[in-house]
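Participant: Next comes start18.cif, mmCIF, C-alpha atoms:
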data_start
#
loop_
_atom_site.group_PDB
_atom_site.id
_atom_site.type_symbol
_atom_site.label_atom_id
_atom_site.label_comp_id
_atom_site.auth_asym_id
_atom_site.auth_seq_id
_atom_site.Cartn_x
_atom_site.Cartn_y
_atom_site.Cartn_z
ATOM 1 C CA MET A 24 45.712 -52.942 -23.299
ATOM 2 C CA SER A 25 42.669 -55.243 -23.475
ATOM 3 C CA ARG A 26 41.114 -56.602 -20.282
ATOM 4 C CA ARG A 27 42.309 -60.123 -21.101
ATOM 5 C CA GLY A 28 45.804 -58.807 -21.769
ATOM 6 C CA PHE A 29 45.719 -57.049 -18.421
ATOM 7 C CA ILE A 30 44.604 -60.227 -16.685
ATOM 8 C CA ARG A 31 47.369 -62.297 -18.298
ATOM 9 C CA ARG A 32 50.031 -59.714 -17.498
ATOM 10 C CA THR A 33 49.038 -59.169 -13.887
ATOM 11 C CA LEU A 34 48.600 -62.864 -13.194
ATOM 12 C CA GLY A 35 52.131 -63.400 -14.449
ATOM 13 C CA ILE A 36 53.494 -60.642 -12.228
ATOM 14 C CA ALA A 37 51.586 -61.970 -9.233
ATOM 15 C CA ALA A 38 52.778 -65.516 -9.841
ATOM 16 C CA ALA A 39 56.370 -64.292 -9.907
ATOM 17 C CA LEU A 40 55.770 -62.366 -6.705
ATOM 18 C CA ALA A 41 54.353 -65.478 -5.064
ATOM 19 C CA LEU A 42 57.623 -67.285 -5.740
ATOM 20 C CA ALA A 43 59.752 -64.507 -4.310
ATOM 21 C CA THR A 44 61.298 -64.876 -0.873
ATOM 22 C CA GLY A 45 62.195 -62.329 1.745
ATOM 23 C CA ALA A 46 58.666 -61.194 2.597
ATOM 24 C CA GLY A 47 59.805 -60.717 6.201
ATOM 25 C CA PRO A 48 58.798 -62.087 9.592
ATOM 26 C CA ALA A 49 55.435 -60.249 9.644
ATOM 27 C CA ALA A 50 54.221 -62.097 6.553
ATOM 28 C CA ALA A 51 55.574 -65.416 7.827
ATOM 29 C CA GLU A 52 53.659 -65.088 11.131
ATOM 30 C CA TYR A 53 50.447 -63.830 9.598
ATOM 31 C CA PRO A 54 47.670 -64.895 9.990
ATOM 32 C CA ASP A 55 47.172 -66.459 13.402
ATOM 33 C CA HIS A 56 43.387 -65.981 13.770
ATOM 34 C CA PRO A 57 40.304 -65.660 11.524
ATOM 35 C CA ILE A 58 40.033 -62.995 8.837
ATOM 36 C CA ARG A 59 36.777 -61.196 8.123
ATOM 37 C CA TRP A 60 35.913 -60.212 4.572
ATOM 38 C CA LEU A 61 33.233 -57.544 4.099
ATOM 39 C CA VAL A 62 30.940 -57.592 1.072
ATOM 40 C CA PRO A 63 29.086 -54.302 0.408
ATOM 41 C CA PHE A 64 26.097 -56.097 -1.127
ATOM 42 C CA SER A 65 23.354 -58.432 0.049
ATOM 43 C CA ALA A 66 23.930 -62.180 0.206
ATOM 44 C CA GLY A 67 23.317 -64.152 -2.964
ATOM 45 C CA GLY A 68 24.395 -61.570 -5.533
ATOM 46 C CA GLY A 69 27.311 -61.916 -7.944
ATOM 47 C CA SER A 70 29.834 -60.079 -5.770
ATOM 48 C CA ASP A 71 28.830 -62.086 -2.721
ATOM 49 C CA LEU A 72 29.119 -65.396 -4.584
ATOM 50 C CA ALA A 73 32.513 -64.483 -6.046
ATOM 51 C CA THR A 74 33.822 -63.470 -2.623
ATOM 52 C CA ARG A 75 32.648 -66.677 -0.960
ATOM 53 C CA ILE A 76 34.086 -68.883 -3.709
ATOM 54 C CA VAL A 77 37.497 -67.203 -3.458
ATOM 55 C CA ALA A 78 37.423 -66.892 0.336
ATOM 56 C CA ARG A 79 37.141 -70.678 0.754
ATOM 57 C CA HIS A 80 40.325 -71.182 -1.248
ATOM 58 C CA VAL A 81 42.133 -68.338 0.550
ATOM 59 C CA SER A 82 41.207 -69.913 3.888
ATOM 60 C CA GLN A 83 42.810 -73.186 2.821
ATOM 61 C CA THR A 84 45.955 -71.404 1.622
ATOM 62 C CA LEU A 85 46.411 -69.290 4.756
ATOM 63 C CA GLY A 86 45.300 -71.961 7.234
ATOM 64 C CA GLN A 87 42.744 -69.728 8.966
ATOM 65 C CA PRO A 88 38.969 -69.250 8.605
ATOM 66 C CA VAL A 89 37.890 -66.410 6.327
ATOM 67 C CA VAL A 90 34.477 -65.191 7.478
ATOM 68 C CA VAL A 91 32.413 -63.348 4.860
ATOM 69 C CA GLU A 92 30.139 -60.629 6.292
ATOM 70 C CA ASN A 93 27.584 -58.710 4.225
ATOM 71 C CA ARG A 94 27.505 -54.941 4.785
ATOM 72 C CA PRO A 95 25.147 -53.586 2.106
ATOM 73 C CA GLY A 96 24.164 -49.947 1.895
ATOM 74 C CA ALA A 97 24.697 -46.572 0.247
ATOM 75 C CA ALA A 98 26.459 -47.690 -2.942
ATOM 76 C CA THR A 99 29.149 -49.595 -0.949
ATOM 77 C CA ILE A 100 29.863 -46.557 1.274
ATOM 78 C CA VAL A 101 28.832 -48.324 4.508
ATOM 79 C CA ALA A 102 31.364 -51.123 4.023
ATOM 80 C CA ALA A 103 34.055 -48.750 2.749
ATOM 81 C CA GLN A 104 33.835 -46.601 5.873
ATOM 82 C CA GLU A 105 33.976 -49.650 8.131
ATOM 83 C CA THR A 106 37.039 -50.942 6.278
ATOM 84 C CA ALA A 107 38.763 -47.553 6.395
ATOM 85 C CA ARG A 108 38.325 -47.428 10.195
ATOM 86 C CA ALA A 109 39.385 -51.041 10.843
ATOM 87 C CA ALA A 110 42.716 -51.967 12.404
ATOM 88 C CA PRO A 111 45.476 -52.139 9.746
ATOM 89 C CA ASP A 112 46.501 -55.661 10.703
ATOM 90 C CA GLY A 113 45.326 -57.715 7.719
ATOM 91 C CA TYR A 114 42.331 -59.191 9.513
ATOM 92 C CA THR A 115 39.750 -57.050 7.681
ATOM 93 C CA LEU A 116 39.254 -57.182 3.917
ATOM 94 C CA MET A 117 36.556 -55.750 1.663
ATOM 95 C CA THR A 118 35.284 -56.575 -1.781
ATOM 96 C CA ALA A 119 35.496 -53.129 -3.353
ATOM 97 C CA GLY A 120 33.615 -52.684 -6.558
ATOM 98 C CA MET A 121 33.884 -50.357 -9.465
ATOM 99 C CA SER A 122 31.513 -48.013 -7.599
ATOM 100 C CA THR A 123 33.690 -47.952 -4.478
ATOM 101 C CA LEU A 124 36.888 -46.875 -6.197
ATOM 102 C CA ALA A 125 36.129 -45.480 -9.642
ATOM 103 C CA LEU A 126 32.599 -44.044 -9.613
ATOM 104 C CA ASN A 127 31.597 -42.795 -6.162
ATOM 105 C CA PRO A 128 34.297 -40.079 -6.045
ATOM 106 C CA TRP A 129 32.652 -38.468 -9.088
ATOM 107 C CA LEU A 130 29.026 -39.123 -8.131
ATOM 108 C CA TYR A 131 29.068 -37.816 -4.545
ATOM 109 C CA LYS A 132 30.047 -34.244 -3.704
ATOM 110 C CA GLN A 133 30.921 -35.183 -0.118
ATOM 111 C CA LEU A 134 32.075 -38.779 -0.166
ATOM 112 C CA PRO A 135 32.919 -39.807 3.429
ATOM 113 C CA TYR A 136 36.042 -41.719 2.410
ATOM 114 C CA ASP A 137 38.962 -41.193 0.027
ATOM 115 C CA PRO A 138 39.389 -44.308 -2.134
ATOM 116 C CA TRP A 139 43.092 -43.633 -2.694
ATOM 117 C CA LYS A 140 44.024 -42.829 0.918
ATOM 118 C CA ASP A 141 41.537 -44.748 3.061
ATOM 119 C CA LEU A 142 41.568 -48.094 1.223
ATOM 120 C CA LYS A 143 44.640 -50.138 0.325
ATOM 121 C CA PRO A 144 44.491 -52.214 -2.894
ATOM 122 C CA VAL A 145 45.181 -55.932 -2.508
ATOM 123 C CA SER A 146 44.121 -57.591 -5.782
ATOM 124 C CA THR A 147 41.578 -57.457 -8.547
ATOM 125 C CA LEU A 148 38.912 -60.136 -8.101
ATOM 126 C CA VAL A 149 36.445 -60.662 -10.962
ATOM 127 C CA ALA A 150 35.004 -58.960 -14.015
ATOM 128 C CA LEU A 151 31.240 -59.069 -14.465
ATOM 129 C CA PRO A 152 30.592 -58.717 -18.217
ATOM 130 C CA ILE A 153 27.694 -56.667 -19.551
ATOM 131 C CA VAL A 154 25.408 -57.338 -22.515
ATOM 132 C CA LEU A 155 22.948 -55.035 -24.305
ATOM 133 C CA VAL A 156 19.571 -56.760 -24.451
ATOM 134 C CA ALA A 157 16.296 -55.849 -26.129
ATOM 135 C CA SER A 158 12.747 -56.962 -25.574
ATOM 136 C CA PRO A 159 11.483 -59.648 -27.981
ATOM 137 C CA ALA A 160 8.280 -57.576 -28.051
ATOM 138 C CA SER A 161 10.189 -54.753 -29.761
ATOM 139 C CA ASP A 162 11.274 -54.441 -33.386
ATOM 140 C CA LEU A 163 14.919 -54.194 -32.314
ATOM 141 C CA ASP A 164 16.812 -57.166 -33.743
ATOM 142 C CA ASN A 165 20.340 -55.778 -34.140
ATOM 143 C CA LEU A 166 22.574 -52.871 -33.191
ATOM 144 C CA PRO A 167 21.923 -50.656 -36.271
ATOM 145 C CA GLU A 168 18.195 -50.902 -35.532
ATOM 146 C CA VAL A 169 18.803 -50.020 -31.885
ATOM 147 C CA MET A 170 20.893 -46.999 -32.879
ATOM 148 C CA ALA A 171 18.306 -45.844 -35.424
ATOM 149 C CA PHE A 172 15.585 -46.137 -32.768
ATOM 150 C CA LEU A 173 17.622 -44.154 -30.240
ATOM 151 C CA LYS A 174 18.243 -41.386 -32.801
ATOM 152 C CA SER A 175 14.724 -41.353 -34.238
ATOM 153 C CA GLY A 176 13.361 -38.701 -31.895
ATOM 154 C CA LYS A 177 10.904 -41.127 -30.374
ATOM 155 C CA GLN A 178 10.663 -41.242 -26.595
ATOM 156 C CA ALA A 179 13.331 -43.905 -26.179
ATOM 157 C CA SER A 180 13.989 -45.385 -22.735
ATOM 158 C CA TYR A 181 16.058 -48.091 -21.125
ATOM 159 C CA ALA A 182 16.080 -49.942 -17.816
ATOM 160 C CA SER A 183 18.798 -48.848 -15.393
ATOM 161 C CA LEU A 184 20.020 -50.149 -12.044
ATOM 162 C CA GLY A 185 20.217 -46.639 -10.635
ATOM 163 C CA VAL A 186 22.062 -43.404 -11.262
ATOM 164 C CA GLY A 187 25.785 -43.994 -11.600
ATOM 165 C CA SER A 188 25.635 -47.784 -11.727
ATOM 166 C CA PRO A 189 28.073 -49.407 -14.180
ATOM 167 C CA HIS A 190 25.140 -50.411 -16.389
ATOM 168 C CA HIS A 191 23.713 -46.882 -16.422
ATOM 169 C CA LEU A 192 27.106 -45.417 -17.305
ATOM 170 C CA ALA A 193 27.729 -48.020 -20.017
ATOM 171 C CA MET A 194 24.473 -47.027 -21.725
ATOM 172 C CA GLU A 195 25.207 -43.318 -21.367
ATOM 173 C CA LEU A 196 28.662 -43.834 -22.869
ATOM 174 C CA PHE A 197 27.096 -45.708 -25.788
ATOM 175 C CA LEU A 198 24.534 -42.935 -26.347
ATOM 176 C CA SER A 199 27.218 -40.246 -26.281
ATOM 177 C CA MET A 200 29.237 -42.051 -28.955
ATOM 178 C CA PHE A 201 26.641 -41.381 -31.641
ATOM 179 C CA GLY A 202 24.759 -38.374 -30.282
ATOM 180 C CA ALA A 203 21.577 -40.055 -29.083
ATOM 181 C CA GLN A 204 19.466 -39.599 -25.965
ATOM 182 C CA ALA A 205 17.206 -41.880 -23.969
ATOM 183 C CA THR A 206 15.450 -41.800 -20.613
ATOM 184 C CA ALA A 207 16.848 -44.049 -17.881
ATOM 185 C CA ILE A 208 14.090 -45.912 -16.012
ATOM 186 C CA PRO A 209 15.565 -46.761 -12.577
ATOM 187 C CA TYR A 210 15.062 -50.151 -10.918
ATOM 188 C CA LYS A 211 16.116 -51.332 -7.474
ATOM 189 C CA GLY A 212 17.426 -54.654 -8.712
ATOM 190 C CA THR A 213 18.351 -56.685 -11.758
ATOM 191 C CA PRO A 214 15.476 -59.244 -11.694
ATOM 192 C CA PRO A 215 12.615 -56.708 -11.920
ATOM 193 C CA ALA A 216 14.471 -54.705 -14.569
ATOM 194 C CA LEU A 217 15.077 -57.769 -16.730
ATOM 195 C CA GLN A 218 11.485 -58.893 -16.260
ATOM 196 C CA ASP A 219 10.175 -55.559 -17.543
ATOM 197 C CA VAL A 220 12.482 -55.707 -20.556
ATOM 198 C CA ALA A 221 11.414 -59.293 -21.260
ATOM 199 C CA SER A 222 7.731 -58.319 -21.103
ATOM 200 C CA GLY A 223 8.174 -55.210 -23.244
ATOM 201 C CA VAL A 224 7.550 -52.548 -20.575
ATOM 202 C CA VAL A 225 11.012 -51.118 -21.365
ATOM 203 C CA PRO A 226 12.722 -51.885 -24.699
ATOM 204 C CA LEU A 227 16.421 -51.984 -23.766
ATOM 205 C CA MET A 228 18.902 -52.583 -20.984
ATOM 206 C CA MET A 229 22.614 -52.933 -20.358
ATOM 207 C CA ALA A 230 22.523 -55.969 -18.073
ATOM 208 C CA ASP A 231 24.845 -58.291 -16.205
ATOM 209 C CA LEU A 232 25.594 -61.120 -18.594
ATOM 210 C CA ALA A 233 25.307 -63.649 -15.764
ATOM 211 C CA ALA A 234 21.765 -62.578 -14.914
ATOM 212 C CA ALA A 235 20.613 -62.093 -18.502
ATOM 213 C CA ARG A 236 22.062 -65.277 -20.019
ATOM 214 C CA PRO A 237 19.326 -67.707 -18.838
ATOM 215 C CA LEU A 238 16.632 -65.394 -20.232
ATOM 216 C CA ILE A 239 18.560 -65.000 -23.486
ATOM 217 C CA GLN A 240 18.924 -68.759 -23.849
ATOM 218 C CA ALA A 241 15.207 -69.197 -23.123
ATOM 219 C CA GLY A 242 14.302 -66.696 -25.849
ATOM 220 C CA LYS A 243 12.850 -64.208 -23.347
ATOM 221 C CA LEU A 244 15.503 -61.571 -24.090
ATOM 222 C CA ARG A 245 17.218 -60.658 -27.344
ATOM 223 C CA ALA A 246 21.007 -60.247 -27.016
ATOM 224 C CA ILE A 247 22.163 -57.384 -29.233
ATOM 225 C CA ALA A 248 25.891 -56.943 -28.521
ATOM 226 C CA VAL A 249 28.546 -57.091 -25.811
ATOM 227 C CA PRO A 250 30.578 -53.964 -24.927
ATOM 228 C CA ALA A 251 33.987 -55.625 -25.167
ATOM 229 C CA ASN A 252 36.841 -56.039 -27.626
ATOM 230 C CA GLN A 253 36.220 -59.786 -27.845
ATOM 231 C CA ARG A 254 33.120 -61.956 -27.785
ATOM 232 C CA SER A 255 32.162 -63.511 -24.484
ATOM 233 C CA GLU A 256 32.847 -67.203 -23.909
ATOM 234 C CA GLN A 257 29.424 -67.279 -22.239
ATOM 235 C CA LEU A 258 27.623 -65.940 -25.362
ATOM 236 C CA PRO A 259 29.910 -66.778 -28.297
ATOM 237 C CA ASP A 260 27.230 -66.062 -30.904
ATOM 238 C CA VAL A 261 26.650 -62.491 -29.716
ATOM 239 C CA PRO A 262 28.830 -59.913 -31.516
ATOM 240 C CA THR A 263 30.816 -57.095 -29.956
ATOM 241 C CA PHE A 264 29.571 -53.552 -30.543
ATOM 242 C CA GLY A 265 32.219 -53.055 -33.219
ATOM 243 C CA GLU A 266 31.335 -56.307 -34.986
ATOM 244 C CA ALA A 267 27.635 -55.454 -34.824
ATOM 245 C CA GLY A 268 28.063 -52.227 -36.776
ATOM 246 C CA GLY A 269 28.261 -49.764 -33.907
ATOM 247 C CA PRO A 270 31.013 -47.750 -32.246
ATOM 248 C CA PRO A 271 33.627 -49.924 -30.500
ATOM 249 C CA LEU A 272 32.644 -49.931 -26.848
ATOM 250 C CA GLU A 273 34.341 -51.448 -23.810
ATOM 251 C CA ALA A 274 32.498 -51.424 -20.505
ATOM 252 C CA THR A 275 32.323 -53.996 -17.761
ATOM 253 C CA ALA A 276 31.661 -54.081 -14.057
ATOM 254 C CA TRP A 277 34.451 -55.375 -11.837
ATOM 255 C CA GLN A 278 35.338 -56.141 -8.234
ATOM 256 C CA GLY A 279 38.597 -56.072 -6.334
ATOM 257 C CA VAL A 280 39.828 -56.533 -2.774
ATOM 258 C CA VAL A 281 41.042 -53.782 -0.433
ATOM 259 C CA ALA A 282 42.351 -53.562 3.119
ATOM 260 C CA PRO A 283 42.487 -50.730 5.664
ATOM 261 C CA PRO A 284 45.128 -48.047 5.127
ATOM 262 C CA ARG A 285 48.555 -48.628 6.652
ATOM 263 C CA THR A 286 48.189 -52.402 6.483
ATOM 264 C CA PRO A 287 51.808 -53.643 6.271
ATOM 265 C CA LYS A 288 53.074 -54.314 2.766
ATOM 266 C CA ALA A 289 54.249 -57.817 3.682
ATOM 267 C CA VAL A 290 50.746 -58.713 4.859
ATOM 268 C CA VAL A 291 49.105 -57.152 1.802
ATOM 269 C CA ASP A 292 51.468 -59.069 -0.465
ATOM 270 C CA LYS A 293 50.689 -62.345 1.296
ATOM 271 C CA LEU A 294 46.950 -61.726 0.929
ATOM 272 C CA SER A 295 47.388 -60.806 -2.719
ATOM 273 C CA GLN A 296 49.326 -63.991 -3.403
ATOM 274 C CA ALA A 297 46.618 -66.097 -1.732
ATOM 275 C CA ILE A 298 43.854 -64.411 -3.741
ATOM 276 C CA VAL A 299 45.742 -64.778 -7.029
ATOM 277 C CA ALA A 300 46.398 -68.439 -6.242
ATOM 278 C CA ALA A 301 42.665 -68.926 -5.693
ATOM 279 C CA LEU A 302 41.819 -67.211 -8.977
ATOM 280 C CA GLN A 303 44.270 -69.492 -10.800
ATOM 281 C CA SER A 304 42.704 -72.627 -9.302
ATOM 282 C CA PRO A 305 40.826 -74.660 -11.965
ATOM 283 C CA ASP A 306 38.017 -75.338 -9.506
ATOM 284 C CA VAL A 307 37.573 -71.638 -8.659
ATOM 285 C CA ILE A 308 37.781 -70.654 -12.335
ATOM 286 C CA LYS A 309 35.078 -73.199 -13.164
ATOM 287 C CA GLN A 310 32.789 -72.019 -10.364
ATOM 288 C CA LEU A 311 33.169 -68.349 -11.294
ATOM 289 C CA LYS A 312 32.572 -68.950 -14.993
ATOM 290 C CA LEU A 313 29.453 -70.949 -14.192
ATOM 291 C CA GLN A 314 28.201 -67.772 -12.531
ATOM 292 C CA GLY A 315 29.062 -65.725 -15.640
ATOM 293 C CA MET A 316 32.093 -64.050 -14.050
ATOM 294 C CA GLU A 317 35.661 -63.785 -15.315
ATOM 295 C CA PRO A 318 38.469 -64.337 -12.771
ATOM 296 C CA MET A 319 41.025 -61.556 -12.631
ATOM 297 C CA GLY A 320 43.736 -61.338 -9.943
ATOM 298 C CA SER A 321 46.724 -59.001 -9.735
ATOM 299 C CA THR A 322 49.440 -57.506 -7.600
ATOM 300 C CA PRO A 323 48.425 -54.586 -5.350
ATOM 301 C CA ASP A 324 50.232 -52.067 -7.578
ATOM 302 C CA ALA A 325 48.616 -53.410 -10.745
ATOM 303 C CA PHE A 326 45.192 -53.195 -9.098
ATOM 304 C CA PHE A 327 45.844 -49.578 -8.089
ATOM 305 C CA ASP A 328 46.850 -48.688 -11.649
ATOM 306 C CA TYR A 329 43.828 -50.451 -13.139
ATOM 307 C CA ALA A 330 41.342 -48.868 -10.722
ATOM 308 C CA HIS A 331 42.844 -45.426 -11.242
ATOM 309 C CA ARG A 332 42.545 -45.740 -15.035
ATOM 310 C CA GLU A 333 38.896 -46.716 -14.616
ATOM 311 C CA TYR A 334 38.407 -43.749 -12.260
ATOM 312 C CA THR A 335 39.872 -41.386 -14.846
ATOM 313 C CA ASN A 336 38.002 -42.825 -17.842
ATOM 314 C CA TRP A 337 34.576 -42.978 -16.204
ATOM 315 C CA GLY A 338 35.089 -39.545 -14.693
ATOM 316 C CA VAL A 339 35.059 -38.131 -18.211
ATOM 317 C CA VAL A 340 31.669 -39.737 -18.925
ATOM 318 C CA ILE A 341 30.174 -38.641 -15.589
ATOM 319 C CA ARG A 342 31.310 -35.033 -16.029
ATOM 320 C CA GLN A 343 30.205 -34.817 -19.661
ATOM 321 C CA LYS A 344 26.759 -36.184 -18.800
ATOM 322 C CA ASN A 345 26.556 -34.161 -15.566
ATOM 323 C CA ILE A 346 25.586 -37.281 -13.631
ATOM 324 C CA SER A 347 25.256 -36.976 -9.860
ATOM 325 C CA VAL A 348 23.418 -38.719 -7.032
ATOM 326 C CA ASP A 349 23.395 -35.623 -4.795
#
I'd like the structure from this file rewritten - as structure tokens, please.
Facilitator:
Amino acid sequence: MSRRGFIRRTLGIAAALALATGAGPAAAEYPDHPIRWLVPFSAGGGSDLATRIVARHVSQTLGQPVVVENRPGAATIVAAQETARAAPDGYTLMTAGMSTLALNPWLYKQLPYDPWKDLKPVSTLVALPIVLVASPASDLDNLPEVMAFLKSGKQASYASLGVGSPHHLAMELFLSMFGAQATAIPYKGTPPALQDVASGVVPLMMADLAAARPLIQAGKLRAIAVPANQRSEQLPDVPTFGEAGGPPLEATAWQGVVAPPRTPKAVVDKLSQAIVAALQSPDVIKQLKLQGMEPMGSTPDAFFDYAHREYTNWGVVIRQKNISVD
């Protein structure tokens, strides 16, 4: 099923759930004091912005303040451990990314939390689309030229946001599809990586569409293709990998919301309904899309299934490429 099909299906399920009655006294009484929502990244990034946009709407729905707290560190592990140890009362939430649930279990030999036992899924949050960009200083104008360059035997390289990041894995998956190799040049953040691609220091990068779009529109980056089954509304003139003459490729970063283990189902369901309602709000949709993000939203069970599929699929890539951060 395509990502958009998943979003439509799970939003429909969640909307039906929101109309259901009989959630029980616990859900009816909850919440009666502020909720804290942990973000495992620094303030100002895409995940932080998405969380704050949705949290404001959730606060209005539930009638209590939702306080966003940034807990960056160790590929989301710091926030995940804090969430896993928190009281299971519905007053601690966490924005759990693709790394938290689907990638870290494969990348770390001794991960200090179990994503399937220590974190309880609440809802998907947003998708953060990716785009393959090339430096205007290079001779790479389209996907066939990129593929020919990567298979030419030259010392090809690309900018990466670190070992095991969604962008790194998306490029490695692309390379494996047609038997090419390239050296990943690690960067500590998106802005310096994009700047080096724009200036020609590194020829290629799988980048967040939201961060790359202004540079693409200014002519400072060349958009090659998007790894999706449909073109992005944000870059409608940029083809998909399949349309551009390459192997069909689907890869995107995503965020969801989790709670501590043993949080009561009635409370989790009420939180999920509030988050889905926020993600269906025209104002929230508009704000997220302005940031280059796609609203998702789902029931807890649908989020678990989605995250577990991503865990399985990316595990194949990580094992085949022998990727590890240890």
Participant: Using only C-alpha atoms, I'd like a table of the residues in range 215-296 of chain A that come within 9 Å of range 157-166 of chain A; for each, show the closest atom pair and its distance in Å rounded to one decimal, ordered by chain and ascending number, as CSV.
Facilitator:
residue,atom,partner,partner_atom,distance
A:Asp219,CA,A:Ser158,CA,8.5
A:Val220,CA,A:Ser158,CA,5.2
A:Ala221,CA,A:Ser158,CA,5.1
A:Ser222,CA,A:Ser158,CA,6.9
A:Gly223,CA,A:Ala160,CA,5.4
A:Val224,CA,A:Ser158,CA,8.5
A:Val225,CA,A:Ser158,CA,7.4
A:Pro226,CA,A:Ser158,CA,5.2
A:Leu227,CA,A:Ala157,CA,4.5
A:Met228,CA,A:Ala157,CA,6.6
A:Gly242,CA,A:Pro159,CA,7.9
A:Lys243,CA,A:Pro159,CA,6.6
A:Leu244,CA,A:Ser158,CA,5.6
A:Arg245,CA,A:Ala157,CA,5.0
A:Ala246,CA,A:Ala157,CA,6.5
A:Ile247,CA,A:Asn165,CA,5.5
A:Ala248,CA,A:Leu166,CA,7.0
A:Phe264,CA,A:Leu166,CA,7.5
A:Ala267,CA,A:Leu166,CA,5.9
A:Gly268,CA,A:Leu166,CA,6.6
A:Gly269,CA,A:Leu166,CA,6.5
Participant: Suppose a student applies the PyMOL selection byres ((chain A and resi 305-307) around 10) to this structure; what residues should they get, written as a PyMOL selection string?
Facilitator: chain A and resi 73+76-77+79-80+300-304+308-313+318
Participant: Would you pick out the contacts of range 122-125 of chain A at 10 Å or less, using only C-alpha atoms, so that residues sharing its chain but fewer than 2 positions from it are not included, and give the list as a PDB file with C-alpha atoms, in the coordinates of the input?
Facilitator:
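See part.pdb below for the written result:
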ATOM      1  CA  PRO A  63      29.086 -54.302   0.408  1.00  0.00           C
ATOM      2  CA  ALA A  98      26.459 -47.690  -2.942  1.00  0.00           C
ATOM      3  CA  THR A  99      29.149 -49.595  -0.949  1.00  0.00           C
ATOM      4  CA  ILE A 100      29.863 -46.557   1.274  1.00  0.00           C
ATOM      5  CA  ALA A 102      31.364 -51.123   4.023  1.00  0.00           C
ATOM      6  CA  ALA A 103      34.055 -48.750   2.749  1.00  0.00           C
ATOM      7  CA  THR A 118      35.284 -56.575  -1.781  1.00  0.00           C
ATOM      8  CA  ALA A 119      35.496 -53.129  -3.353  1.00  0.00           C
ATOM      9  CA  GLY A 120      33.615 -52.684  -6.558  1.00  0.00           C
ATOM     10  CA  ASN A 127      31.597 -42.795  -6.162  1.00  0.00           C
ATOM     11  CA  PRO A 128      34.297 -40.079  -6.045  1.00  0.00           C
ATOM     12  CA  TRP A 129      32.652 -38.468  -9.088  1.00  0.00           C
ATOM     13  CA  LEU A 130      29.026 -39.123  -8.131  1.00  0.00           C
ATOM     14  CA  TYR A 136      36.042 -41.719   2.410  1.00  0.00           C
ATOM     15  CA  ASP A 137      38.962 -41.193   0.027  1.00  0.00           C
ATOM     16  CA  PRO A 138      39.389 -44.308  -2.134  1.00  0.00           C
ATOM     17  CA  TRP A 139      43.092 -43.633  -2.694  1.00  0.00           C
ATOM     18  CA  LEU A 142      41.568 -48.094   1.223  1.00  0.00           C
ATOM     19  CA  PRO A 144      44.491 -52.214  -2.894  1.00  0.00           C
ATOM     20  CA  GLY A 187      25.785 -43.994 -11.600  1.00  0.00           C
ATOM     21  CA  SER A 188      25.635 -47.784 -11.727  1.00  0.00           C
ATOM     22  CA  PRO A 189      28.073 -49.407 -14.180  1.00  0.00           C
ATOM     23  CA  ALA A 276      31.661 -54.081 -14.057  1.00  0.00           C
ATOM     24  CA  TRP A 277      34.451 -55.375 -11.837  1.00  0.00           C
ATOM     25  CA  GLN A 278      35.338 -56.141  -8.234  1.00  0.00           C
ATOM     26  CA  GLY A 279      38.597 -56.072  -6.334  1.00  0.00           C
ATOM     27  CA  VAL A 281      41.042 -53.782  -0.433  1.00  0.00           C
ATOM     28  CA  PHE A 327      45.844 -49.578  -8.089  1.00  0.00           C
ATOM     29  CA  TYR A 329      43.828 -50.451 -13.139  1.00  0.00           C
ATOM     30  CA  ALA A 330      41.342 -48.868 -10.722  1.00  0.00           C
ATOM     31  CA  HIS A 331      42.844 -45.426 -11.242  1.00  0.00           C
ATOM     32  CA  ARG A 332      42.545 -45.740 -15.035  1.00  0.00           C
ATOM     33  CA  GLU A 333      38.896 -46.716 -14.616  1.00  0.00           C
ATOM     34  CA  TYR A 334      38.407 -43.749 -12.260  1.00  0.00           C
ATOM     35  CA  THR A 335      39.872 -41.386 -14.846  1.00  0.00           C
ATOM     36  CA  ASN A 336      38.002 -42.825 -17.842  1.00  0.00           C
ATOM     37  CA  TRP A 337      34.576 -42.978 -16.204  1.00  0.00           C
ATOM     38  CA  GLY A 338      35.089 -39.545 -14.693  1.00  0.00           C
TER      39      GLY A 338
END
Participant: Nearest to Pro57 in chain A among A:Pro95, A:Pro135, A:Pro259, A:Pro88, with distances taken over all atoms listed in the file: which residue is it?
Facilitator: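 Looking at the shortest contact to Pro57 in chain A, the residue is A:Pro88.
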Participant: Which value, in Å to one decimal, gives the distance between CA of Leu217 in chain A and CA of Glu195 in chain A?
Facilitator: 18.2 Å
Participant: Given the file shown, enumerate the residues that the PyMOL selection byres ((chain A and resi 211) around 12) captures and present them as a list in words.
Facilitator: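 For this structure, the PyMOL selection byres ((chain A and resi 211) around 12) captures Ala98, Ala182, Ser183, Leu184, Gly185, Val186, Ser188, Ile208, Pro209, Tyr210, Gly212, Thr213, Pro214, Pro215, Ala216 and Leu217 of chain A.
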Participant: I'd like the box whose edges run along x, y and z of the file and which contains every listed atom of range 312-328 of chain A, padded by 6 Å per side; could you state its centre and edge lengths in Å, one decimal, as AutoDock Vina command-line options?
Facilitator:
--center_x 39.2 --center_y -59.8 --center_z -10.5 --size_x 34.0 --size_y 34.3 --size_z 22.3
Participant: Under the rule that all atoms listed in the file are counted, which of A:Asp112, A:Glu273, A:Glu52, A:Asp349 is the nearest residue to Lys288 in chain A?
Facilitator: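 The answer is A:Asp112, which sits nearest to Lys288 in chain A.
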Participant: Can you pull out every residue within 12 Å of Ala78 in chain A, counting all atoms listed in the file, but drop anything in the same chain fewer than 2 positions away, and send it as a VMD selection string?
Facilitator: chain A and resid 57 to 62 70 to 76 80 to 92 116 to 118 148 280 294 297 to 302 307
Participant: Could you list, as a list in words, every residue within 7 Å of Leu232 in chain A, counting all atoms listed in the file and ignoring same-chain residues fewer than 4 positions away?
Facilitator: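 Final neighbour list, sorted by chain and number: Pro152, Ile153, Val154, Arg236 and Gly315 of chain A.
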